[in-house]
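Peer 1: File work-v9.txt below, compact mmCIF, C-alpha atoms:
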# COMPACT_ATOMS: atom_id res chain seq x y z
CA MET A 1 17.21 1.32 37.39
CA LYS A 2 15.11 0.16 40.28
CA GLY A 3 11.61 0.40 41.67
CA ILE A 4 8.66 2.07 40.00
CA PRO A 5 10.64 3.91 37.26
CA ARG A 6 12.15 0.58 36.22
CA LEU A 7 8.70 -0.97 36.08
CA ILE A 8 7.34 1.92 33.97
CA SER A 9 10.35 1.81 31.64
CA ARG A 10 9.91 -1.92 31.14
CA HIS A 11 6.23 -1.54 30.36
CA LEU A 12 6.89 1.33 27.95
CA SER A 13 9.65 -0.62 26.23
CA ARG A 14 7.15 -3.34 25.31
CA MET A 15 6.08 -1.04 22.49
CA LEU A 16 9.54 -1.46 20.95
CA GLU A 17 10.71 -4.38 18.85
CA PRO A 18 12.27 -7.18 20.96
CA ASN A 19 15.89 -6.63 19.85
CA GLU A 20 15.64 -2.89 20.27
CA ARG A 21 14.03 -3.28 23.70
CA GLU A 22 16.89 -5.53 24.74
CA ALA A 23 19.54 -3.10 23.51
CA VAL A 24 17.93 0.04 24.96
CA LEU A 25 17.23 -1.40 28.41
CA GLY A 26 20.76 -2.80 28.47
CA ASP A 27 22.24 0.61 27.52
CA LEU A 28 20.25 2.32 30.27
CA GLU A 29 21.39 -0.30 32.77
CA GLU A 30 25.02 0.04 31.68
CA THR A 31 25.06 3.84 31.85
CA ARG A 32 23.13 3.78 35.16
CA THR A 33 20.43 5.97 33.64
CA GLY A 34 17.61 5.41 36.06
CA GLY A 35 14.61 7.16 37.52
CA TRP A 36 12.60 9.58 35.47
CA SER A 37 15.36 10.26 32.97
CA GLY A 38 15.33 6.55 32.11
CA ILE A 39 11.59 6.71 31.57
CA CYS A 40 12.00 9.82 29.39
CA GLU A 41 14.65 8.09 27.29
CA VAL A 42 12.45 5.05 26.65
CA ALA A 43 9.33 7.19 26.11
CA GLY A 44 11.24 9.39 23.66
CA LEU A 45 12.24 6.38 21.57
CA VAL A 46 8.73 4.94 21.71
CA VAL A 47 7.28 8.24 20.48
CA ARG A 48 9.82 8.44 17.66
CA ARG A 49 9.05 4.85 16.66
CA GLN A 50 5.26 5.31 16.78
CA PHE A 51 5.08 8.66 15.02
CA GLY A 52 8.11 8.38 12.73
CA PRO A 53 6.41 6.05 10.22
CA TRP A 54 3.62 8.61 9.73
CA ARG A 55 6.09 10.76 7.84
CA SER A 56 5.86 8.23 5.05
CA TRP A 57 2.94 8.06 2.60
CA ARG A 58 2.79 4.27 3.10
CA SER A 59 1.31 4.53 6.58
CA TRP A 60 -1.42 6.89 5.37
CA ALA A 61 -2.10 4.72 2.32
CA ALA A 62 -2.42 1.59 4.47
CA ALA A 63 -4.70 3.20 7.07
CA PHE A 64 -6.86 5.61 5.06
CA GLY A 65 -6.36 4.44 1.47
CA VAL A 66 -7.00 0.77 2.13
CA ALA A 67 -8.17 -0.12 5.64
CA VAL A 68 -11.18 2.22 5.90
CA PRO A 69 -12.61 2.02 2.35
CA ALA A 70 -11.85 -1.69 2.01
CA SER A 71 -13.56 -2.45 5.29
CA PHE A 72 -16.82 -0.80 4.16
CA LEU A 73 -16.64 -2.22 0.66
CA LEU A 74 -15.81 -5.76 1.73
CA MET A 75 -18.60 -5.64 4.29
CA GLY A 76 -21.03 -4.56 1.59
CA ASP A 77 -19.79 -7.35 -0.67
CA SER A 78 -20.11 -9.85 2.15
CA VAL A 79 -23.75 -8.87 2.73
CA LEU A 80 -24.52 -9.04 -1.00
CA ILE A 81 -22.99 -12.49 -1.29
CA SER A 82 -24.87 -13.66 1.79
CA LEU A 83 -28.11 -12.37 0.28
CA GLU A 84 -27.32 -14.13 -3.00
CA CYS A 85 -26.59 -17.32 -1.07
CA ALA A 86 -29.87 -17.02 0.81
CA SER A 87 -31.67 -16.47 -2.50
CA ALA A 88 -29.87 -19.38 -4.09
CA VAL A 89 -30.90 -21.61 -1.21
CA ARG A 90 -34.47 -20.57 -1.87
CA ALA A 91 -33.76 -21.24 -5.61
CA ARG A 92 -34.77 -17.71 -6.54
CA THR A 93 -32.45 -14.86 -7.41
CA PRO A 94 -33.08 -11.62 -9.27
CA MET A 95 -30.25 -12.46 -11.66
CA PHE A 96 -31.03 -16.05 -12.46
CA PRO A 97 -34.56 -17.03 -11.46
CA SER A 98 -34.20 -20.60 -12.62
CA ALA A 99 -30.67 -21.37 -13.77
CA SER A 100 -29.13 -22.89 -10.64
CA GLY A 101 -25.84 -23.83 -12.38
CA ALA A 102 -25.24 -20.22 -13.42
CA ILE A 103 -26.08 -19.06 -9.91
CA LEU A 104 -23.48 -21.35 -8.47
CA ILE A 105 -20.84 -20.13 -10.95
CA VAL A 106 -21.52 -16.47 -10.16
CA LEU A 107 -21.60 -17.14 -6.44
CA SER A 108 -18.32 -19.04 -6.59
CA LEU A 109 -16.76 -16.20 -8.55
CA GLN A 110 -18.05 -13.68 -6.01
CA VAL A 111 -16.69 -15.69 -3.10
CA LEU A 112 -13.31 -16.10 -4.80
CA VAL A 113 -13.06 -12.39 -5.59
CA LEU A 114 -14.07 -11.47 -2.05
CA ALA A 115 -11.49 -13.86 -0.58
CA GLY A 116 -8.73 -12.64 -2.93
CA TRP A 117 -9.57 -9.01 -2.34
CA SER A 118 -9.67 -9.43 1.45
CA TRP A 119 -6.39 -11.36 1.46
CA THR A 120 -4.75 -8.65 -0.66
CA CYS A 121 -5.98 -5.87 1.65
CA GLY A 122 -4.68 -7.75 4.72
CA PHE A 123 -1.36 -8.39 3.02
CA PHE A 124 -1.07 -4.75 1.94
CA MET A 125 -1.71 -3.49 5.48
CA GLY A 126 0.87 -5.88 6.91
CA SER A 127 3.61 -5.39 4.34
CA VAL A 128 3.50 -1.76 3.28
CA SER A 129 3.79 -0.15 6.69
CA ARG A 130 4.77 -2.70 9.29
CA ARG A 131 5.22 -0.29 12.16
CA THR A 132 1.71 1.12 11.83
CA THR A 133 0.03 -2.21 11.16
CA TRP A 134 -1.91 -2.08 14.43
CA ILE A 135 -3.34 1.34 13.47
CA SER A 136 -4.37 -0.03 10.06
CA VAL A 137 -5.98 -3.02 11.75
CA LEU A 138 -7.80 -0.65 14.10
CA TYR A 139 -9.12 1.39 11.14
CA PHE A 140 -10.09 -1.86 9.44
CA GLY A 141 -12.00 -2.99 12.53
CA LEU A 142 -13.76 0.23 13.51
CA PRO A 143 -16.11 0.31 10.49
CA CYS A 144 -17.03 -3.30 11.30
CA LEU A 145 -18.04 -2.37 14.84
CA TYR A 146 -19.88 0.71 13.58
CA CYS A 147 -21.89 -1.28 11.03
CA LEU A 148 -22.56 -4.01 13.56
CA GLN A 149 -24.09 -1.44 15.88
CA ARG A 150 -25.74 0.77 13.28
CA PHE A 151 -27.36 -1.61 10.82
CA HIS A 152 -29.85 -4.28 11.70
CA ILE A 153 -29.14 -6.74 8.96
CA GLU A 154 -31.31 -9.32 10.67
CA SER A 155 -34.12 -7.50 8.90
CA LEU A 156 -32.69 -8.91 5.63
CA SER A 157 -33.19 -12.42 7.02
CA ILE A 158 -29.46 -13.10 7.30
CA PRO A 159 -27.47 -13.39 10.54
CA LYS A 160 -25.18 -10.58 11.74
CA LEU A 161 -22.12 -12.72 11.11
CA CYS A 162 -22.80 -12.35 7.38
CA LEU A 163 -21.13 -8.93 7.64
CA PHE A 164 -17.77 -10.52 8.33
CA PRO A 165 -16.84 -13.41 6.00
CA PHE A 166 -14.04 -11.19 4.64
CA VAL A 167 -12.28 -10.98 8.02
CA LEU A 168 -10.79 -14.48 7.84
CA PRO A 169 -8.97 -14.09 4.47
CA ALA A 170 -7.91 -10.55 5.48
CA ALA A 171 -6.42 -11.92 8.71
CA ALA A 172 -4.67 -14.66 6.70
CA GLY A 173 -3.17 -12.03 4.37
CA LEU A 174 -2.05 -9.92 7.32
CA TRP A 175 -0.50 -12.94 9.04
CA ARG A 176 1.34 -13.92 5.87
CA ALA A 177 2.69 -10.36 5.45
CA LEU A 178 3.90 -10.20 9.04
CA ARG A 179 5.73 -13.48 8.61
CA ASN A 180 7.08 -12.75 5.13
CA PRO A 181 6.32 -9.38 3.48
CA GLU A 182 7.55 -10.46 0.06
CA ILE A 183 5.25 -11.80 -2.61
CA ARG A 184 6.20 -13.51 -5.86
CA PRO A 185 5.57 -11.40 -8.99
CA ARG A 186 3.48 -14.15 -10.57
CA THR A 187 1.31 -14.56 -7.49
CA ALA A 188 0.79 -10.81 -7.22
CA LEU A 189 -0.10 -10.54 -10.90
CA ALA A 190 -2.51 -13.46 -10.72
CA LEU A 191 -4.21 -11.91 -7.68
CA ALA A 192 -4.47 -8.48 -9.30
CA LEU A 193 -5.83 -9.84 -12.58
CA GLY A 194 -8.24 -12.14 -10.78
CA ILE A 195 -9.58 -9.39 -8.53
CA THR A 196 -9.83 -6.75 -11.25
CA PHE A 197 -11.48 -8.89 -13.92
CA GLY A 198 -13.51 -10.94 -11.48
CA SER A 199 -15.02 -7.85 -9.86
CA ALA A 200 -15.58 -6.24 -13.28
CA VAL A 201 -17.42 -9.31 -14.55
CA ILE A 202 -19.58 -9.44 -11.43
CA GLU A 203 -20.41 -5.73 -11.59
CA ILE A 204 -21.21 -5.70 -15.31
CA TRP A 205 -23.17 -8.94 -15.11
CA ALA A 206 -25.13 -8.28 -11.95
CA SER A 207 -25.91 -4.55 -12.08
CA PRO A 208 -28.60 -2.92 -14.21
CA PHE A 209 -27.33 -0.99 -17.25
CA PRO A 210 -26.89 2.63 -16.01
CA GLN A 211 -25.18 1.65 -12.76
CA ARG A 212 -22.98 -1.14 -14.04
CA PHE A 213 -20.20 1.06 -15.44
CA LEU A 214 -20.21 3.36 -12.42
CA GLY A 215 -20.02 0.32 -10.15
CA TRP A 216 -17.25 -1.18 -12.26
CA PHE A 217 -15.34 2.11 -12.14
CA VAL A 218 -15.62 2.34 -8.33
CA VAL A 219 -14.60 -1.27 -7.83
CA SER A 220 -11.69 -0.97 -10.28
CA ALA A 221 -10.42 2.14 -8.51
CA LEU A 222 -10.34 0.21 -5.25
CA THR A 223 -8.25 -2.61 -6.70
CA TRP A 224 -5.15 -0.40 -6.62
CA PRO A 225 -3.55 -2.18 -3.64
CA SER A 226 -3.35 -5.37 -5.67
CA TRP A 227 -1.62 -3.52 -8.52
CA PHE A 228 0.69 -1.82 -6.06
CA LEU A 229 1.71 -5.26 -4.83
CA VAL A 230 2.43 -6.25 -8.45
CA ALA A 231 4.73 -3.24 -8.82
CA ALA A 232 6.32 -3.90 -5.43
CA SER A 233 6.94 -7.56 -6.22
CA GLN A 234 8.55 -6.62 -9.54
CA GLY A 235 10.76 -4.15 -7.69
CA THR A 236 11.71 -6.73 -5.06
CA ALA A 237 12.60 -9.20 -7.78
CA ALA A 238 14.84 -6.52 -9.31
CA GLY A 239 16.43 -5.68 -5.95
CA ILE A 240 14.46 -2.49 -5.21
CA GLU A 241 12.63 -2.29 -1.89
CA VAL A 242 9.25 -0.78 -2.68
CA GLY A 243 7.27 -1.84 0.34
CA GLY A 244 8.29 -2.18 3.97
CA HIS A 245 11.10 -4.52 4.94
CA PRO A 246 11.27 -6.64 8.08
CA GLY A 247 14.72 -5.42 9.03
CA LEU A 248 14.30 -1.82 8.05
CA PRO A 249 12.09 1.01 9.16
CA SER A 250 9.27 1.61 6.74
CA SER A 251 10.18 5.28 6.75
CA PRO A 252 13.08 7.31 8.04
CA ALA A 253 12.31 8.12 11.67
CA MET B 1 15.31 0.88 -1.19
CA THR B 2 18.56 -1.10 -1.01
CA ALA B 3 22.02 0.36 -0.72
CA ALA B 4 22.73 -0.47 -4.35
CA TYR B 5 20.26 2.19 -5.38
CA TYR B 6 21.87 4.98 -3.40
CA SER B 7 24.26 6.66 -5.73
CA TYR B 8 27.38 8.34 -4.46
CA ILE B 9 25.82 11.81 -4.72
CA GLU B 10 22.60 10.78 -2.96
CA VAL B 11 24.60 9.41 -0.02
CA LEU B 12 26.59 12.61 0.22
CA ILE B 13 23.48 14.77 0.15
CA MET B 14 21.56 12.66 2.62
CA LEU B 15 24.26 12.47 5.30
CA ASP B 16 23.52 15.08 7.97
CA GLU B 17 25.82 16.24 10.74
CA PHE B 18 24.39 13.89 13.37
CA GLU B 19 24.66 10.96 11.00
CA TYR B 20 28.26 11.98 10.33
CA MET B 21 29.02 12.15 14.06
CA LEU B 22 27.45 8.75 14.64
CA ILE B 23 29.36 7.10 11.79
CA THR B 24 32.61 8.72 12.92
CA ALA B 25 32.07 7.71 16.56
CA ALA B 26 31.25 4.13 15.49
CA ALA B 27 34.29 3.99 13.21
CA GLY B 28 36.52 5.24 16.05
CA LEU B 29 35.13 2.72 18.52
CA GLY B 30 35.61 -0.16 16.09
CA SER B 31 34.43 -3.50 17.44
CA SER B 32 33.12 -1.94 20.68
CA ALA B 33 30.63 0.36 18.94
CA TYR B 34 27.09 0.01 20.25
CA GLY B 35 24.35 2.33 21.50
CA ALA B 36 25.79 3.27 24.90
CA THR B 37 29.42 3.72 23.79
CA ILE B 38 28.47 5.73 20.70
CA ARG B 39 26.28 7.94 22.86
CA GLN B 40 29.14 8.52 25.33
CA GLU B 41 31.56 9.25 22.49
CA ILE B 42 29.25 11.86 20.97
CA ALA B 43 28.50 13.36 24.39
CA SER B 44 32.20 13.73 25.22
CA ALA B 45 32.92 15.28 21.80
CA THR B 46 30.03 17.75 21.80
CA GLY B 47 29.73 18.36 25.54
CA SER B 48 26.00 17.67 25.54
CA ASN B 49 23.93 14.54 25.95
CA CYS B 50 21.90 13.20 23.07
CA ALA B 51 18.72 11.18 23.48
CA ILE B 52 18.97 7.44 23.16
CA GLY B 53 16.02 7.64 20.77
CA ALA B 54 18.04 9.87 18.44
CA ILE B 55 20.88 7.34 18.45
CA TYR B 56 18.71 4.34 17.60
CA THR B 57 16.55 6.03 14.98
CA THR B 58 19.68 7.40 13.29
CA ILE B 59 21.30 3.96 13.34
CA ASP B 60 18.19 2.57 11.63
CA ARG B 61 18.27 5.32 9.03
CA LEU B 62 21.96 4.71 8.32
CA GLU B 63 21.36 0.98 8.11
CA ALA B 64 18.54 1.55 5.62
CA LYS B 65 20.97 3.56 3.50
CA GLY B 66 23.57 0.81 3.75
CA LEU B 67 26.06 3.01 5.63
CA VAL B 68 26.22 0.84 8.74
CA ARG B 69 25.48 -2.78 9.63
CA THR B 70 24.12 -3.92 12.97
CA ARG B 71 23.93 -7.23 14.77
CA MET B 72 22.98 -8.31 18.27
CA GLY B 73 26.06 -8.82 20.44
CA GLU B 74 26.68 -10.60 23.69
CA ALA B 75 24.95 -9.88 27.00
CA THR B 76 27.02 -8.74 29.97
CA PRO B 77 26.26 -8.64 33.72
CA GLN B 78 26.67 -4.83 33.90
CA ARG B 79 23.90 -4.57 31.32
CA GLY B 80 21.58 -6.67 33.45
CA GLY B 81 22.14 -9.64 31.15
CA ARG B 82 20.84 -7.78 28.10
CA ALA B 83 22.40 -7.93 24.64
CA LYS B 84 24.10 -5.04 22.83
CA ARG B 85 23.25 -3.88 19.34
CA MET B 86 26.66 -3.74 17.73
CA VAL B 87 27.26 -1.20 14.95
CA GLU B 88 29.76 -1.61 12.14
CA VAL B 89 30.49 1.05 9.53
CA THR B 90 30.35 -0.27 5.97
CA PRO B 91 32.83 0.79 3.26
CA LEU B 92 30.03 2.92 1.75
CA GLY B 93 29.50 4.59 5.15
CA ALA B 94 33.22 5.28 5.53
CA GLU B 95 33.31 6.79 2.05
CA ALA B 96 30.27 8.97 2.75
CA ALA B 97 31.77 10.19 6.04
CA ARG B 98 35.12 10.90 4.37
CA GLU B 99 33.40 12.94 1.66
CA PHE B 100 31.29 14.81 4.22
CA TYR B 101 34.41 15.66 6.24
CA GLY B 102 36.21 16.73 3.06
CA ALA B 103 33.31 18.98 2.06
CA VAL B 104 33.25 20.59 5.53
CA ALA B 105 37.02 21.12 5.43
CA ARG B 106 36.87 22.61 1.93
CA VAL B 107 34.02 24.97 2.70
CA SER B 108 35.77 26.07 5.94
CA HIS B 109 39.07 26.72 4.19
CA ARG B 110 38.74 30.52 4.04
CA ALA B 111 36.87 30.93 7.30
CA SER B 112 38.77 32.27 10.29
CA TRP B 113 38.24 28.96 12.08
CA GLY B 114 39.21 26.91 9.01
CA PRO B 115 42.11 24.41 8.82
CA GLY B 116 45.39 26.16 9.66
CA LYS B 117 43.69 29.51 10.38
CA ALA B 118 42.82 28.77 14.00
CA GLU B 119 46.51 28.21 14.90
CA ALA B 120 47.57 31.30 12.93
CA ASN B 121 45.05 33.49 14.74
CA THR B 122 46.29 32.48 18.19
Could you express the structure from this file as structure tokens?

Peer 2:
Amino acid sequence: MKGIPRLISRHLSRMLEPNEREAVLGDLEETRTGGWSGICEVAGLVVRRQFGPWRSWRSWAAAFGVAVPASFLLMGDSVLISLECASAVRARTPMFPSASGAILIVLSLQVLVLAGWSWTCGFFMGSVSRRTTWISVLYFGLPCLYCLQRFHIESLSIPKLCLFPFVLPAAAGLWRALRNPEIRPRTALALALGITFGSAVIEIWASPFPQRFLGWFVVSALTWPSWFLVAASQGTAAGIEVGGHPGLPSSPA
Amino acid sequence: MTAAYYSYIEVLIMLDEFEYMLITAAAGLGSSAYGATIRQEIASATGSNCAIGAIYTTIDRLEAKGLVRTRMGEATPQRGGRAKRMVEVTPLGAEAAREFYGAVARVSHRASWGPGKAEANT
């Protein structure tokens, strides 16, 4: 392969995993498959690799079951915590007008739950469907950009950055999953219990009576990724591959 | 899911004709089985070219089922210094291919093109 077709093939092949890119370009070189047929061969494999994982429910779960709703919810939580922090700094909060110790406890709990929840979402997106991770990340990021443009949270006397404290733990979870997609059963269980009960306590404590159970129900429903990771980690410990695997396709292509 | 969880019957059901051809070509090629040679082997047997994408996605699928193993091989000058992805058929893969072939032979037994019939007809 020479000239422009070679250049195009090489650029296209960057969408493949390094080992596969090496093998495919070598095969094309060896069989003297050049020109447009070489491009078609590489493009065909790229298309199969990009669209193949969407035949599995995991890709849809990661993108639309976790990335989109979690992004909105975590942003909302981030704003609430920032508002609580701002109130605490002013030593006045609707929940605890005078008890500063209690405020600090609730705030710490909220921050911990937010961090755990964000980390779990990032880990879920990176481990459950590795080949569509970039799509999940895109769907995780788009609501952030939308809210940044749409809402003027400066009017709440907090800076715009207060929308995004969840991004850092989510990125850490994603990074950890891309490096090692397995999680210990105990760690997964501790995370799931912490997130579920922590968020329930916050909802029931902080919300007024009629809304508290609805809020708790909504929040509990959105903790499913953490419980999925518990099930997946149990399966991995028993030798069953529930989530994606670094060496294997996350779904039959 | 790991290979241990694929029962004998599941492997038999999940092996399709292209997977069978790929396993058989790889088994025939032995230690020189990799993408390009498997592709040439299938092309010479069927008389038509198959896409390189079909080869690699099928290899991945077979590897996920535990029917083949792959590893990166050496790079050669005629490959532009790029490594090969070597394919090795596992005992489970050989068993699945044998069973698939047996099933095809058994179901073709009474057909005019079945084993022994083709010679008799000519």

Peer 1: Choose the residue, out of A:Ala115, A:Ala232, A:Ser78, A:Phe123, that has the smallest atom-to-atom separation from chain B; count all atoms listed in the file.

Peer 2: A:Ala232

Peer 1: For range 23-37 of chain A, please output as a ChimeraX atom specification all residues within 8 Å (counting all atoms listed in the file; exclusion window: fewer than 6 positions along the same chain).

Peer 2: /A:1-2,5-6,10,13 /B:35-36,52,78-85

Peer 1: Taking all atoms listed in the file into account, what are the residues of chain B at most 10 Å from chain A, put as a ChimeraX atom specification?

Peer 2: /B:1-5,34-37,39-40,50-58,60-65,71-73,75-86

Peer 1: I need the residue nearest Pro181 in chain A from this list: A:Trp224, A:Trp216, A:Phe124, A:Tyr139. Use only C-alpha atoms for the distance.

Peer 2: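 Selected residue with least distance to Pro181 in chain A: A:Phe124.
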
Peer 1: May I have the protein, DNA and RNA residues with an atom at most 6 Å from (29.5, 0.1, 12.3), counting all atoms listed in the file in the file's coordinates, returned as a list in words?

Peer 2: Ala26, Val68, Arg69, Val87, Glu88 and Val89 of chain B

Peer 1: Can you measure CA of Thr132 in chain A to CA of Trp54 in chain A for me? One decimal in Å is fine.

Peer 2: 8.0 Å

Peer 1: Just give me the gap between CA of Val230 in chain A and CA of Pro185 in chain A in Å, one decimal is fine.

Peer 2: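 A separation of 6.1 Å between them.
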
Peer 1: Just to confirm, what's the straight-line distance from CA of His109 in chain B to CA of Leu92 in chain B in Å (one decimal)?

Peer 2: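 Computing the Euclidean distance for CA of His109 in chain B and CA of Leu92 in chain B yields 25.6 Å.
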
Peer 1: Considering only C-alpha atoms, state which residue in the set B:Ala94, B:Gly47, B:Arg106, B:Ser31 is at the smallest distance from Leu15 in chain B.

Peer 2: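 Checking each candidate against Leu15 in chain B, we get B:Ala94 as the closest.
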
Peer 1: For a quick check of understanding, using all atoms listed in the file, which of A:Thr223, A:Thr133, A:Ser127, A:Ser118 has the smallest distance to Leu168 in chain A?

Peer 2: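 Looking only at the distances to Leu168 in chain A, the closest residue turns out to be A:Ser118.
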
Peer 1: Show me that you can extract range 87-104 of chain B, keeping C-alpha atoms, and write it as an mmCIF file, in the first residue's frame.

Peer 2:
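That gives us decode.cif:
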data_model
loop_
_atom_site.group_PDB
_atom_site.id
_atom_site.type_symbol
_atom_site.label_atom_id
_atom_site.label_comp_id
_atom_site.auth_asym_id
_atom_site.auth_seq_id
_atom_site.Cartn_x
_atom_site.Cartn_y
_atom_site.Cartn_z
ATOM 1 C CA VAL B 87 -4.414 -18.279 16.029
ATOM 2 C CA GLU B 88 -4.376 -21.641 17.775
ATOM 3 C CA VAL B 89 -7.365 -23.965 17.994
ATOM 4 C CA THR B 90 -8.078 -25.168 21.530
ATOM 5 C CA PRO B 91 -9.141 -28.758 22.332
ATOM 6 C CA LEU B 92 -12.671 -27.403 22.920
ATOM 7 C CA GLY B 93 -12.594 -25.755 19.471
ATOM 8 C CA ALA B 94 -11.404 -28.968 17.829
ATOM 9 C CA GLU B 95 -14.186 -30.900 19.550
ATOM 10 C CA ALA B 96 -16.814 -28.361 18.495
ATOM 11 C CA ALA B 97 -15.588 -28.446 14.871
ATOM 12 C CA ARG B 98 -15.536 -32.259 14.873
ATOM 13 C CA GLU B 99 -19.107 -32.358 16.157
ATOM 14 C CA PHE B 100 -20.240 -29.743 13.625
ATOM 15 C CA TYR B 101 -18.651 -31.739 10.789
ATOM 16 C CA GLY B 102 -20.233 -34.944 12.114
ATOM 17 C CA ALA B 103 -23.658 -33.302 12.268
ATOM 18 C CA VAL B 104 -23.301 -32.016 8.682
#
